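One structure below.
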Amino acid sequence: MTASHDLIVLGAGSGGLATAFRAAQHGARVALLDPGALGGTCVHRGCVPKKALWFAAQWAQAQQFAVDVGFASQPGSLDWERFRQVRTRYIDAIDQRYAQRLHEAGVELIRQAGRFVTADTIELTDGSQLHAARIVIATGARPRTLPLPGFRLGMVSDDVFALQALPHHLAIVGGGYVAVEFAGLLQALGSEVEMLAHDRLLEGFDAEMVDALQELMAAQGIRITMQSAVQTVHRADGGILIDDAVAGSRGPYDALLWAVGRVPNTEALQLGSIGVVTDDCGHVLTDARQDTHVAGVHAVGDVTARKALTPVAVAAGRRLADRLFGGQPDAQLDYENIPSVVFSKPPLGMVGLTEEAARELHGDAVIVYRRRFTPMQWALTGWHGQSLMKLVCVGSDERVLGIHVLGPGADEILQGFAVALKLGLRKRDLDATVAIHPSSAEELVLMD
C-alpha cells in the first residue's frame, strides 16, 4: 500500500531532522525514515560525545593549572566508566527530546530504512511503500575503511565512544579533524599518543596556523610522524604493531585509531535506478539549491560533497524546506565564509579564506596581520606556548577575507567575528572597536 506525503526525508541526522521540522512548520505532511537513533552521527558518534570528551580534557588540564597556581589538591584521573554513563544519559535525553518534538510537530517517524523505487516512491525495509512529490536524501556518512592487512585490529571514530578504558599507548593514523581532535583530548586525559599522517595536518586550514598548532601539540607530548604510509598492521605479544613504508615498524600500541576520512551512505538507496548522479566517492551531487539531477529529489548534509559540518547540514535543510514549502522561492544556503573550529588542544578556528587561497585570488594585494601572545591563563601557570591570531585582508580598504584564531577560547571567540566578516568587515572597523580587557579576543581588534 502506498501512503501519501508531501515530503519524505531519508535519514534522521542533523540535516534530516532540520529539514523535517522546518517543512512541518510550513504545514507539509512529512515522513522521516531512519532505523537508527535520532540525531545521527553528530549526537551519537560525533560532535556531542566528542565535545563531552573535550570538556573532560579541559577539566583535566584545569586541575593541573589549579595546582600550579597554589591549590592544595593533586590532579586526579578520570573515572572512565562513570564519565561514559554521564555522557550516555545526556545523549539519551537528546534522543528523547527529538522524538517528543517530532510527535508534537506532526512528523511521522518511521524506524525503517528506505530505497528508491521511482523518483517519488520509497520502499521500506518491510516491503511497504511511501509516495511523495519531494524526497530529501540525508543519510549522512560513516568512517572510511581501508583494504589493508590487519585493518580490523584498529578502531574507527565510532568505536572510541564504546571504549571501556582509556588506552595507555595509542596510535592515530590520519591528519584531519578526527585525528587532531582525538590526539589532543586523549593525550590530555592520560594517553600516550603518536600520530601518523600522510601529508599535512588539517588540509584546508591556513598553513601557518596549522604549523603553530602542530608545535603546541608536540610540546604537549604528542608525537607526529609526517609522510607516513601504513602498509600492514599485526598483533604481537606486546600489542599492535604497524609496518610503515616510510617510518618502518612502529609500536607496540594498546590501541590504534584509523582517522582516514568518511564515505557517504548511499549504496543501499538504489540511486542509479532513478538517475541520481553521484561522484566517484558516492556523494550525491547537488546544485547550490540542494537539487539533484532528478526533479523532486534533493540532498543535504554529509551525503553530499559539501562542507561536512552539522551547522551546514542544518542550515541547508532549513533553507530547502523554506523554498519548497514556505513560499520562499529564492531561499538557499550561502556556502561562502562558513566558520569552522577544530576542537584541538588548543582549539583552532577559521572563517573565510586562508592566506594561501587569498594570494591565489588577489596576489600582492593581500595584506596579512598577525599577533602572537601568551594567554593570561598560560602565563599565570608557567605553561609555555603562544596563541596566534591572523587577519587576511585585501585592497586599499583592507577588506577582511579571513580570520584565523588559535588558542584558548577560539571556539567561542570566532562566532561573533564571523558575523562581521559576513557583513563586509574592514580592518578599520576592527581598529575602531574598543577592546575588552584583559581577554584573548581583544587581540583581534588591536593588531597593527
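Going by the C-alpha cells order, chains are called A, B, ..., each with residues numbered from 1, while ligands are numbered from 1 in the order shown.
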
Using 10 Å as the limit and counting only C-alpha atoms, can you tabulate each residue of range 159-246 of chain A that touches range 253-269 of chain A, with its shortest atom-to-atom distance in Å and the two atoms involved, as JSON lines?
```
{"residue": "A:Asp159", "atom": "CA", "partner": "A:Leu257", "partner_atom": "CA", "distance": 8.8}
{"residue": "A:Val160", "atom": "CA", "partner": "A:Leu257", "partner_atom": "CA", "distance": 8.1}
{"residue": "A:Leu166", "atom": "CA", "partner": "A:Ala255", "partner_atom": "CA", "distance": 9.5}
{"residue": "A:Pro167", "atom": "CA", "partner": "A:Asp254", "partner_atom": "CA", "distance": 6.0}
{"residue": "A:His168", "atom": "CA", "partner": "A:Asp254", "partner_atom": "CA", "distance": 6.4}
{"residue": "A:His169", "atom": "CA", "partner": "A:Tyr253", "partner_atom": "CA", "distance": 5.2}
{"residue": "A:Leu170", "atom": "CA", "partner": "A:Ala255", "partner_atom": "CA", "distance": 5.0}
{"residue": "A:Ala171", "atom": "CA", "partner": "A:Leu256", "partner_atom": "CA", "distance": 4.8}
{"residue": "A:Ile172", "atom": "CA", "partner": "A:Leu257", "partner_atom": "CA", "distance": 4.7}
{"residue": "A:Val173", "atom": "CA", "partner": "A:Trp258", "partner_atom": "CA", "distance": 5.1}
{"residue": "A:Gly174", "atom": "CA", "partner": "A:Ala259", "partner_atom": "CA", "distance": 4.9}
{"residue": "A:Gly175", "atom": "CA", "partner": "A:Ala259", "partner_atom": "CA", "distance": 7.4}
{"residue": "A:Gly176", "atom": "CA", "partner": "A:Ala259", "partner_atom": "CA", "distance": 7.3}
{"residue": "A:Tyr177", "atom": "CA", "partner": "A:Ala259", "partner_atom": "CA", "distance": 8.5}
{"residue": "A:Val178", "atom": "CA", "partner": "A:Ala259", "partner_atom": "CA", "distance": 6.0}
{"residue": "A:Ala179", "atom": "CA", "partner": "A:Ala259", "partner_atom": "CA", "distance": 5.4}
{"residue": "A:Val180", "atom": "CA", "partner": "A:Ala259", "partner_atom": "CA", "distance": 9.2}
{"residue": "A:Phe182", "atom": "CA", "partner": "A:Leu257", "partner_atom": "CA", "distance": 9.1}
{"residue": "A:Ala183", "atom": "CA", "partner": "A:Leu257", "partner_atom": "CA", "distance": 9.7}
{"residue": "A:Ser191", "atom": "CA", "partner": "A:Asp254", "partner_atom": "CA", "distance": 9.9}
{"residue": "A:Glu192", "atom": "CA", "partner": "A:Tyr253", "partner_atom": "CA", "distance": 9.4}
{"residue": "A:Val193", "atom": "CA", "partner": "A:Tyr253", "partner_atom": "CA", "distance": 9.4}
{"residue": "A:Glu194", "atom": "CA", "partner": "A:Tyr253", "partner_atom": "CA", "distance": 9.4}
{"residue": "A:Met195", "atom": "CA", "partner": "A:Leu257", "partner_atom": "CA", "distance": 9.5}
{"residue": "A:Leu196", "atom": "CA", "partner": "A:Trp258", "partner_atom": "CA", "distance": 9.8}
{"residue": "A:Ala197", "atom": "CA", "partner": "A:Val260", "partner_atom": "CA", "distance": 9.3}
{"residue": "A:His198", "atom": "CA", "partner": "A:Val260", "partner_atom": "CA", "distance": 9.7}
{"residue": "A:Val233", "atom": "CA", "partner": "A:Leu256", "partner_atom": "CA", "distance": 9.5}
{"residue": "A:Arg235", "atom": "CA", "partner": "A:Tyr253", "partner_atom": "CA", "distance": 9.3}
{"residue": "A:Ala236", "atom": "CA", "partner": "A:Tyr253", "partner_atom": "CA", "distance": 9.9}
{"residue": "A:Gly238", "atom": "CA", "partner": "A:Tyr253", "partner_atom": "CA", "distance": 7.7}
{"residue": "A:Gly239", "atom": "CA", "partner": "A:Tyr253", "partner_atom": "CA", "distance": 5.3}
{"residue": "A:Ile240", "atom": "CA", "partner": "A:Tyr253", "partner_atom": "CA", "distance": 4.9}
{"residue": "A:Leu241", "atom": "CA", "partner": "A:Tyr253", "partner_atom": "CA", "distance": 6.6}
{"residue": "A:Ile242", "atom": "CA", "partner": "A:Tyr253", "partner_atom": "CA", "distance": 8.8}
```

Writing out the chosen residues with N, CA and C atoms as an mmCIF file, in the first residue's frame:
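Okay, result-v7.cif is ready:
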```
data_model
loop_
_atom_site.group_PDB
_atom_site.id
_atom_site.type_symbol
_atom_site.label_atom_id
_atom_site.label_comp_id
_atom_site.auth_asym_id
_atom_site.auth_seq_id
_atom_site.Cartn_x
_atom_site.Cartn_y
_atom_site.Cartn_z
ATOM 1 N N ASP A 159 34.062 3.880 17.341
ATOM 2 C CA ASP A 159 34.408 2.927 18.384
ATOM 3 C C ASP A 159 35.009 3.586 19.621
ATOM 4 N N VAL A 160 35.538 4.790 19.481
ATOM 5 C CA VAL A 160 36.173 5.451 20.621
ATOM 6 C C VAL A 160 35.190 5.606 21.773
ATOM 7 N N LEU A 166 40.595 4.007 29.068
ATOM 8 C CA LEU A 166 41.458 4.888 28.289
ATOM 9 C C LEU A 166 42.687 4.108 27.823
ATOM 10 N N PRO A 167 42.997 4.113 26.526
ATOM 11 C CA PRO A 167 44.203 3.425 26.057
ATOM 12 C C PRO A 167 45.454 4.074 26.642
ATOM 13 N N HIS A 168 46.407 3.251 27.039
ATOM 14 C CA HIS A 168 47.651 3.808 27.588
ATOM 15 C C HIS A 168 48.539 4.342 26.468
ATOM 16 N N HIS A 169 48.696 3.558 25.393
ATOM 17 C CA HIS A 169 49.566 3.953 24.282
ATOM 18 C C HIS A 169 48.767 3.806 22.992
ATOM 19 N N LEU A 170 48.489 4.924 22.336
ATOM 20 C CA LEU A 170 47.567 4.972 21.201
ATOM 21 C C LEU A 170 48.259 5.491 19.956
ATOM 22 N N ALA A 171 48.038 4.814 18.828
ATOM 23 C CA ALA A 171 48.457 5.326 17.526
ATOM 24 C C ALA A 171 47.233 5.825 16.782
ATOM 25 N N ILE A 172 47.369 6.976 16.121
ATOM 26 C CA ILE A 172 46.298 7.534 15.304
ATOM 27 C C ILE A 172 46.827 7.711 13.887
ATOM 28 N N VAL A 173 46.177 7.066 12.922
ATOM 29 C CA VAL A 173 46.573 7.191 11.524
ATOM 30 C C VAL A 173 45.626 8.187 10.859
ATOM 31 N N GLY A 174 46.175 9.306 10.385
ATOM 32 C CA GLY A 174 45.373 10.350 9.759
ATOM 33 C C GLY A 174 45.815 11.714 10.235
ATOM 34 N N GLY A 175 45.335 12.746 9.533
ATOM 35 C CA GLY A 175 45.749 14.099 9.893
ATOM 36 C C GLY A 175 44.646 15.125 9.800
ATOM 37 N N GLY A 176 43.376 14.677 9.732
ATOM 38 C CA GLY A 176 42.254 15.603 9.626
ATOM 39 C C GLY A 176 41.655 15.952 10.974
ATOM 40 N N TYR A 177 40.403 16.458 10.921
ATOM 41 C CA TYR A 177 39.685 16.848 12.128
ATOM 42 C C TYR A 177 39.732 15.758 13.194
ATOM 43 N N VAL A 178 39.284 14.556 12.812
ATOM 44 C CA VAL A 178 39.131 13.469 13.781
ATOM 45 C C VAL A 178 40.468 13.127 14.417
ATOM 46 N N ALA A 179 41.506 13.009 13.603
ATOM 47 C CA ALA A 179 42.824 12.648 14.118
ATOM 48 C C ALA A 179 43.345 13.690 15.103
ATOM 49 N N VAL A 180 43.291 14.942 14.710
ATOM 50 C CA VAL A 180 43.836 16.010 15.540
ATOM 51 C C VAL A 180 43.044 16.169 16.840
ATOM 52 N N PHE A 182 41.063 13.901 18.489
ATOM 53 C CA PHE A 182 41.238 12.791 19.420
ATOM 54 C C PHE A 182 42.662 12.743 19.969
ATOM 55 N N ALA A 183 43.634 13.136 19.180
ATOM 56 C CA ALA A 183 45.011 13.161 19.681
ATOM 57 C C ALA A 183 45.125 14.089 20.885
ATOM 58 N N SER A 191 46.534 9.426 27.818
ATOM 59 C CA SER A 191 47.099 8.509 26.829
ATOM 60 C C SER A 191 48.423 9.045 26.283
ATOM 61 N N GLU A 192 49.304 8.131 25.952
ATOM 62 C CA GLU A 192 50.496 8.476 25.192
ATOM 63 C C GLU A 192 50.134 8.323 23.722
ATOM 64 N N VAL A 193 50.214 9.422 22.951
ATOM 65 C CA VAL A 193 49.647 9.449 21.600
ATOM 66 C C VAL A 193 50.731 9.665 20.556
ATOM 67 N N GLU A 194 50.668 8.862 19.492
ATOM 68 C CA GLU A 194 51.519 9.065 18.333
ATOM 69 C C GLU A 194 50.634 9.156 17.103
ATOM 70 N N MET A 195 50.838 10.190 16.282
ATOM 71 C CA MET A 195 50.083 10.385 15.053
ATOM 72 C C MET A 195 50.944 10.029 13.849
ATOM 73 N N LEU A 196 50.331 9.327 12.889
ATOM 74 C CA LEU A 196 50.982 9.005 11.629
ATOM 75 C C LEU A 196 50.152 9.633 10.520
ATOM 76 N N ALA A 197 50.653 10.720 9.945
ATOM 77 C CA ALA A 197 49.904 11.477 8.943
ATOM 78 C C ALA A 197 50.581 11.358 7.587
ATOM 79 N N HIS A 198 49.770 11.320 6.537
ATOM 80 C CA HIS A 198 50.306 11.108 5.189
ATOM 81 C C HIS A 198 51.012 12.341 4.645
ATOM 82 N N VAL A 233 49.167 -4.035 9.439
ATOM 83 C CA VAL A 233 49.051 -3.989 10.890
ATOM 84 C C VAL A 233 48.943 -5.421 11.389
ATOM 85 N N ARG A 235 49.244 -8.032 15.202
ATOM 86 C CA ARG A 235 49.310 -8.083 16.661
ATOM 87 C C ARG A 235 50.445 -8.995 17.096
ATOM 88 N N ALA A 236 51.207 -8.526 18.064
ATOM 89 C CA ALA A 236 52.268 -9.315 18.674
ATOM 90 C C ALA A 236 52.001 -9.407 20.168
ATOM 91 N N GLY A 238 53.353 -7.908 22.555
ATOM 92 C CA GLY A 238 53.368 -6.611 23.236
ATOM 93 C C GLY A 238 52.228 -5.689 22.861
ATOM 94 N N GLY A 239 51.455 -6.034 21.827
ATOM 95 C CA GLY A 239 50.360 -5.185 21.401
ATOM 96 C C GLY A 239 50.275 -5.101 19.888
ATOM 97 N N ILE A 240 49.787 -3.973 19.382
ATOM 98 C CA ILE A 240 49.581 -3.771 17.945
ATOM 99 C C ILE A 240 50.841 -3.158 17.336
ATOM 100 N N LEU A 241 51.298 -3.733 16.235
ATOM 101 C CA LEU A 241 52.466 -3.227 15.511
ATOM 102 C C LEU A 241 52.035 -2.728 14.141
ATOM 103 N N ILE A 242 52.631 -1.629 13.698
ATOM 104 C CA ILE A 242 52.333 -1.024 12.404
ATOM 105 C C ILE A 242 53.579 -1.073 11.541
#
```

Exercise. For range 394-407 of chain A, list every protein, DNA or RNA residue within 9 Å, evaluated using only C-alpha atoms, and leave out those in the same chain fewer than 4 positions away; present the list as a ChimeraX atom specification.
Key: /A:205-206,209-210,212-213,337,345-355,358,362,364-368,375,386-390,411,413-414,417-418,421,424-428,440,444

Self-check item: Non-local contacts of Pro35 in chain A (7 Å; only C-alpha atoms; under 4 positions in same chain excluded) as number ranges by chain
Solution: A: 111-113

Practice problem: Do a neighbour search on Val300 in chain A at 7 Å with only C-alpha atoms, toss out local chain neighbours closer than 4 positions, and write the hits as number ranges by chain. | Solution: A: 15, 137-138, 290, 304, 313, 316-317
